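K.L.:
So that we are looking at the same thing, I have put the structure below in structure tokens.
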Amino acid sequence: MNWISNYVRPKINSLFSRREVPDNLWVKCPECGTMLFHRELQANLNVCIHCEHHMAISPRDRFGALFDDGRFTELRVPDALLDPLHFRDQKKYPDRLKAAQKATGERDAMLVVEGEISRTPIVAVAQDFSFMAGSMGMYVGNAILAAATYAVEMKRPLVLFSAAGGARMQEGILSLMQMPRTTVAVQMLREAGLPYIVVLTHPTTGGVTASYAMLGDVQISEPNALICFAGPRVIEQTIREKLPEGFQRAEYLLDHGMLDRVTHRKELREELVIIIRMLMGLPPAIKGELTLQTFEA
């Protein structure tokens, strides 16, 4: 027996020919701890197949599942001033923006598109929490104003998906000024008689909750989403009392009249179609057209 050719050489060849296994094939559910295969999770719209926990989903993936055949057209948003306050903490603000743009592939924290759901044309905007926590800066204000202006021009309803940690501190008072700006945008839709529907996703907090996220004609939320101005820990530390179970979660707010619906992500498309066509005075969609669109990685 030739020990080198029969054992050593095959062992060396196996080391060099071993394929690297990507480290992003499996995702751990933060709620139940189950390891989920990434393709199976994406096919289920980033909802855990075991506990139904709704994980974050990017605006593009969300729109790919929402619109007919996954097709939509991105609308142009005017550029915002870059670093108007010359803000710097551990990093310069422009450096933080560049890092977020590189990580997400997006210009900023909000994506504005148009398309059709069940042959019903709409304008839609969605915040990306992975872009600096979806924080509301001047670009987000520009995005909502651009979406509302286009919706009024084209006589289409506006659907907004919120997900934000609040105002963007690097833009200071200019960020807070987006609260009245976006309120004006919503008023434009009201004066034009067009529906404005808000879908609140986890988390929606701070100045976003205090402005456009709570001004919808219909307020829908995904299950167990945190929706608040000040977070529960801040409130507990302030009043020095234990808060009720599930306080500021979607189901609690629904029970207390702050929301109209809490809807599973896989049922959201059908519900939006029904609500939009009802508010626009259109006949019900054909049943086959309500089928949920899926997306692939």
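Chain identifiers are assigned as A, B, and so on, following the order in which chains appear in the structure tokens; residues are numbered from 1 within each chain, and ligands are numbered from 1 in order of appearance.
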Neighbouring residues of range 104-120 of chain A were defined as those with any atom within 7 Å, considering only C-alpha atoms; residues of the same chain fewer than 5 positions away were excluded. Please report them as a list in words.
P.N.:
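Skipping anything fewer than 5 positions along the chain leaves Pro59, Leu66, Phe67, Asp68, Arg71, Phe72, Thr73, Glu74, Leu75, Val125, Ala126, Gln127, Asp128, Phe131, Gly134, Ser135, Tyr139, Val140, Ala143, Ala147, Val273, Ala285, Glu289 and Leu290 of chain A.
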K.L.:
Take the selection from the previous step and output its residues with N, CA, C and O atoms, as an mmCIF file, in the first residue's frame.
P.N.:
```cif
data_model
loop_
_atom_site.group_PDB
_atom_site.id
_atom_site.type_symbol
_atom_site.label_atom_id
_atom_site.label_comp_id
_atom_site.auth_asym_id
_atom_site.auth_seq_id
_atom_site.Cartn_x
_atom_site.Cartn_y
_atom_site.Cartn_z
ATOM 1 N N PRO A 59 -37.500 47.911 1.029
ATOM 2 C CA PRO A 59 -38.562 48.477 0.180
ATOM 3 C C PRO A 59 -38.670 47.816 -1.191
ATOM 4 O O PRO A 59 -39.778 47.570 -1.676
ATOM 5 N N LEU A 66 -45.586 43.319 -3.817
ATOM 6 C CA LEU A 66 -46.844 44.064 -3.795
ATOM 7 C C LEU A 66 -47.427 44.288 -5.179
ATOM 8 O O LEU A 66 -48.625 44.087 -5.408
ATOM 9 N N PHE A 67 -46.597 44.699 -6.139
ATOM 10 C CA PHE A 67 -47.105 45.128 -7.441
ATOM 11 C C PHE A 67 -47.305 43.950 -8.395
ATOM 12 O O PHE A 67 -46.653 42.904 -8.265
ATOM 13 N N ASP A 68 -48.188 44.139 -9.356
ATOM 14 C CA ASP A 68 -48.475 43.110 -10.346
ATOM 15 C C ASP A 68 -47.196 42.686 -11.061
ATOM 16 O O ASP A 68 -46.460 43.529 -11.594
ATOM 17 N N ARG A 71 -43.533 44.426 -10.932
ATOM 18 C CA ARG A 71 -43.028 45.538 -11.751
ATOM 19 C C ARG A 71 -43.469 46.879 -11.173
ATOM 20 O O ARG A 71 -44.646 47.075 -10.870
ATOM 21 N N PHE A 72 -42.542 47.789 -11.050
ATOM 22 C CA PHE A 72 -42.836 49.149 -10.592
ATOM 23 C C PHE A 72 -41.791 50.086 -11.173
ATOM 24 O O PHE A 72 -40.716 49.665 -11.598
ATOM 25 N N THR A 73 -42.114 51.365 -11.183
ATOM 26 C CA THR A 73 -41.218 52.389 -11.721
ATOM 27 C C THR A 73 -40.839 53.348 -10.612
ATOM 28 O O THR A 73 -41.712 53.898 -9.925
ATOM 29 N N GLU A 74 -39.548 53.549 -10.436
ATOM 30 C CA GLU A 74 -39.078 54.461 -9.397
ATOM 31 C C GLU A 74 -39.261 55.904 -9.848
ATOM 32 O O GLU A 74 -38.980 56.254 -10.996
ATOM 33 N N LEU A 75 -39.745 56.734 -8.955
ATOM 34 C CA LEU A 75 -39.945 58.149 -9.233
ATOM 35 C C LEU A 75 -38.782 58.973 -8.690
ATOM 36 O O LEU A 75 -38.199 58.636 -7.658
ATOM 37 N N VAL A 125 -44.709 54.680 -1.264
ATOM 38 C CA VAL A 125 -43.420 55.047 -0.684
ATOM 39 C C VAL A 125 -43.149 54.109 0.489
ATOM 40 O O VAL A 125 -44.071 53.693 1.190
ATOM 41 N N ALA A 126 -41.883 53.781 0.698
ATOM 42 C CA ALA A 126 -41.519 52.887 1.802
ATOM 43 C C ALA A 126 -40.191 53.320 2.395
ATOM 44 O O ALA A 126 -39.267 53.693 1.678
ATOM 45 N N GLN A 127 -40.124 53.272 3.724
ATOM 46 C CA GLN A 127 -38.885 53.601 4.426
ATOM 47 C C GLN A 127 -38.049 52.355 4.618
ATOM 48 O O GLN A 127 -38.568 51.251 4.817
ATOM 49 N N ASP A 128 -36.743 52.565 4.585
ATOM 50 C CA ASP A 128 -35.779 51.483 4.749
ATOM 51 C C ASP A 128 -35.100 51.652 6.101
ATOM 52 O O ASP A 128 -34.254 52.525 6.283
ATOM 53 N N PHE A 131 -31.296 51.853 6.509
ATOM 54 C CA PHE A 131 -30.588 53.074 6.128
ATOM 55 C C PHE A 131 -30.690 54.067 7.288
ATOM 56 O O PHE A 131 -31.681 54.762 7.445
ATOM 57 N N GLY A 134 -33.847 54.310 9.181
ATOM 58 C CA GLY A 134 -34.992 54.908 8.510
ATOM 59 C C GLY A 134 -35.280 56.321 8.950
ATOM 60 O O GLY A 134 -36.418 56.795 8.822
ATOM 61 N N SER A 135 -34.277 57.007 9.474
ATOM 62 C CA SER A 135 -34.496 58.315 10.086
ATOM 63 C C SER A 135 -35.005 59.344 9.080
ATOM 64 O O SER A 135 -34.645 59.335 7.912
ATOM 65 N N TYR A 139 -34.306 64.530 2.872
ATOM 66 C CA TYR A 139 -34.595 63.696 1.701
ATOM 67 C C TYR A 139 -35.932 62.985 1.868
ATOM 68 O O TYR A 139 -36.720 62.885 0.911
ATOM 69 N N VAL A 140 -36.208 62.479 3.073
ATOM 70 C CA VAL A 140 -37.484 61.804 3.326
ATOM 71 C C VAL A 140 -38.631 62.787 3.141
ATOM 72 O O VAL A 140 -39.667 62.453 2.554
ATOM 73 N N ALA A 143 -39.128 63.232 -0.455
ATOM 74 C CA ALA A 143 -39.717 62.040 -1.058
ATOM 75 C C ALA A 143 -41.231 62.016 -0.884
ATOM 76 O O ALA A 143 -41.974 61.731 -1.832
ATOM 77 N N ALA A 147 -43.972 62.351 -3.808
ATOM 78 C CA ALA A 147 -44.970 61.298 -4.007
ATOM 79 C C ALA A 147 -46.382 61.874 -3.993
ATOM 80 O O ALA A 147 -47.224 61.521 -4.832
ATOM 81 N N VAL A 273 -55.849 46.266 -1.932
ATOM 82 C CA VAL A 273 -56.644 46.352 -3.162
ATOM 83 C C VAL A 273 -58.108 46.625 -2.833
ATOM 84 O O VAL A 273 -58.752 47.502 -3.427
ATOM 85 N N ALA A 285 -62.100 44.103 -7.461
ATOM 86 C CA ALA A 285 -61.175 43.442 -8.377
ATOM 87 C C ALA A 285 -61.622 42.016 -8.633
ATOM 88 O O ALA A 285 -62.282 41.395 -7.800
ATOM 89 N N GLU A 289 -57.125 38.324 -9.694
ATOM 90 C CA GLU A 289 -56.148 39.401 -9.701
ATOM 91 C C GLU A 289 -55.650 39.746 -8.301
ATOM 92 O O GLU A 289 -54.736 40.540 -8.132
ATOM 93 N N LEU A 290 -56.278 39.150 -7.268
ATOM 94 C CA LEU A 290 -55.864 39.429 -5.897
ATOM 95 C C LEU A 290 -54.747 38.510 -5.440
ATOM 96 O O LEU A 290 -54.274 38.623 -4.321
#
```
K.L.:
Quick one: residues within 10 Å of Pro30 in chain A, only C-alpha atoms, excluding same-chain residues fewer than 2 positions away - as a list of chain:residue names?
P.N.:
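The contact residues come out as A:Val27, A:Lys28, A:Cys32, A:Gly33, A:Thr34, A:Met35, A:Cys48, A:His53, A:His54, A:Met55.
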K.L.:
Can you work out the spacing between CA of Leu145 in chain A and CA of Val198 in chain A in Å, to one decimal?
P.N.:
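Separation of CA of Leu145 in chain A and CA of Val198 in chain A: 15.1 Å.
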K.L.:
Of the candidates A:Gln170, A:Asn142, A:Arg233, A:Ile286, which one gets nearest to Arg96 in chain A if we count only C-alpha atoms?
P.N.:
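The closest residue to Arg96 in chain A is A:Gln170.
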K.L.:
Tell me which protein, DNA and RNA residues are within 8 Å of Ala213 in chain A, counting only C-alpha atoms, leaving out same-chain ones fewer than 5 positions away, and put them as a PyMOL selection string.
P.N.:
chain A and resi 160+162+198+200+204+208
K.L.:
Dump all heavy atoms for the selected residues as a PDB file, in the first residue's frame?
P.N.:
```
ATOM      1  N   LEU A 160     -48.258  54.443   1.984  1.00  0.00           N
ATOM      2  CA  LEU A 160     -46.967  54.675   2.630  1.00  0.00           C
ATOM      3  C   LEU A 160     -46.670  53.567   3.636  1.00  0.00           C
ATOM      4  O   LEU A 160     -47.524  53.222   4.460  1.00  0.00           O
ATOM      5  CB  LEU A 160     -46.964  56.042   3.329  1.00  0.00           C
ATOM      6  CG  LEU A 160     -45.639  56.455   3.984  1.00  0.00           C
ATOM      7  CD1 LEU A 160     -45.388  57.951   3.813  1.00  0.00           C
ATOM      8  CD2 LEU A 160     -45.623  56.105   5.482  1.00  0.00           C
ATOM      9  N   SER A 162     -44.259  52.810   6.668  1.00  0.00           N
ATOM     10  CA  SER A 162     -43.358  53.504   7.582  1.00  0.00           C
ATOM     11  C   SER A 162     -42.496  52.510   8.360  1.00  0.00           C
ATOM     12  O   SER A 162     -42.945  51.413   8.717  1.00  0.00           O
ATOM     13  CB  SER A 162     -44.151  54.369   8.560  1.00  0.00           C
ATOM     14  OG  SER A 162     -44.959  53.555   9.394  1.00  0.00           O
ATOM     15  N   VAL A 198     -51.761  54.307   5.268  1.00  0.00           N
ATOM     16  CA  VAL A 198     -50.480  54.105   5.947  1.00  0.00           C
ATOM     17  C   VAL A 198     -50.404  52.673   6.459  1.00  0.00           C
ATOM     18  O   VAL A 198     -51.338  52.187   7.110  1.00  0.00           O
ATOM     19  CB  VAL A 198     -50.296  55.089   7.112  1.00  0.00           C
ATOM     20  CG1 VAL A 198     -48.964  54.838   7.812  1.00  0.00           C
ATOM     21  CG2 VAL A 198     -50.359  56.529   6.619  1.00  0.00           C
ATOM     22  N   LEU A 200     -48.045  50.727   8.945  1.00  0.00           N
ATOM     23  CA  LEU A 200     -46.987  50.905   9.931  1.00  0.00           C
ATOM     24  C   LEU A 200     -46.287  49.576  10.166  1.00  0.00           C
ATOM     25  O   LEU A 200     -46.934  48.557  10.451  1.00  0.00           O
ATOM     26  CB  LEU A 200     -47.566  51.438  11.242  1.00  0.00           C
ATOM     27  CG  LEU A 200     -48.278  52.787  11.116  1.00  0.00           C
ATOM     28  CD1 LEU A 200     -49.778  52.620  11.325  1.00  0.00           C
ATOM     29  CD2 LEU A 200     -47.721  53.796  12.097  1.00  0.00           C
ATOM     30  N   THR A 204     -41.987  51.935  14.148  1.00  0.00           N
ATOM     31  CA  THR A 204     -42.310  53.289  13.700  1.00  0.00           C
ATOM     32  C   THR A 204     -42.382  54.167  14.944  1.00  0.00           C
ATOM     33  O   THR A 204     -43.290  53.994  15.767  1.00  0.00           O
ATOM     34  CB  THR A 204     -43.646  53.324  12.941  1.00  0.00           C
ATOM     35  OG1 THR A 204     -43.567  52.473  11.792  1.00  0.00           O
ATOM     36  CG2 THR A 204     -43.966  54.734  12.481  1.00  0.00           C
ATOM     37  N   VAL A 208     -41.682  60.607  13.194  1.00  0.00           N
ATOM     38  CA  VAL A 208     -42.435  59.987  12.101  1.00  0.00           C
ATOM     39  C   VAL A 208     -43.847  59.640  12.579  1.00  0.00           C
ATOM     40  O   VAL A 208     -44.835  59.884  11.885  1.00  0.00           O
ATOM     41  CB  VAL A 208     -41.698  58.741  11.585  1.00  0.00           C
ATOM     42  CG1 VAL A 208     -42.562  57.933  10.632  1.00  0.00           C
ATOM     43  CG2 VAL A 208     -40.401  59.145  10.901  1.00  0.00           C
TER      44      VAL A 208
END
```
K.L.:
Provide the CA of Asp260 in chain A to CA of Arg190 in chain A distance in Å, to one decimal place.
P.N.:
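Atom-to-atom, CA of Asp260 in chain A and CA of Arg190 in chain A are spaced 18.5 Å apart.
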K.L.:
For a quick check of understanding, using only C-alpha atoms, which of A:Pro121, A:Gly216, A:Pro157, A:Pro223 has the smallest distance to Leu254 in chain A?
P.N.:
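Under the stated criterion, the closest residue is A:Pro223.
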K.L.:
Just to confirm, what's the straight-line distance from CA of Phe37 in chain A to CA of Leu268 in chain A in Å (one decimal)?
P.N.:
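So the two atoms, CA of Phe37 in chain A and CA of Leu268 in chain A, lie 23.4 Å apart.
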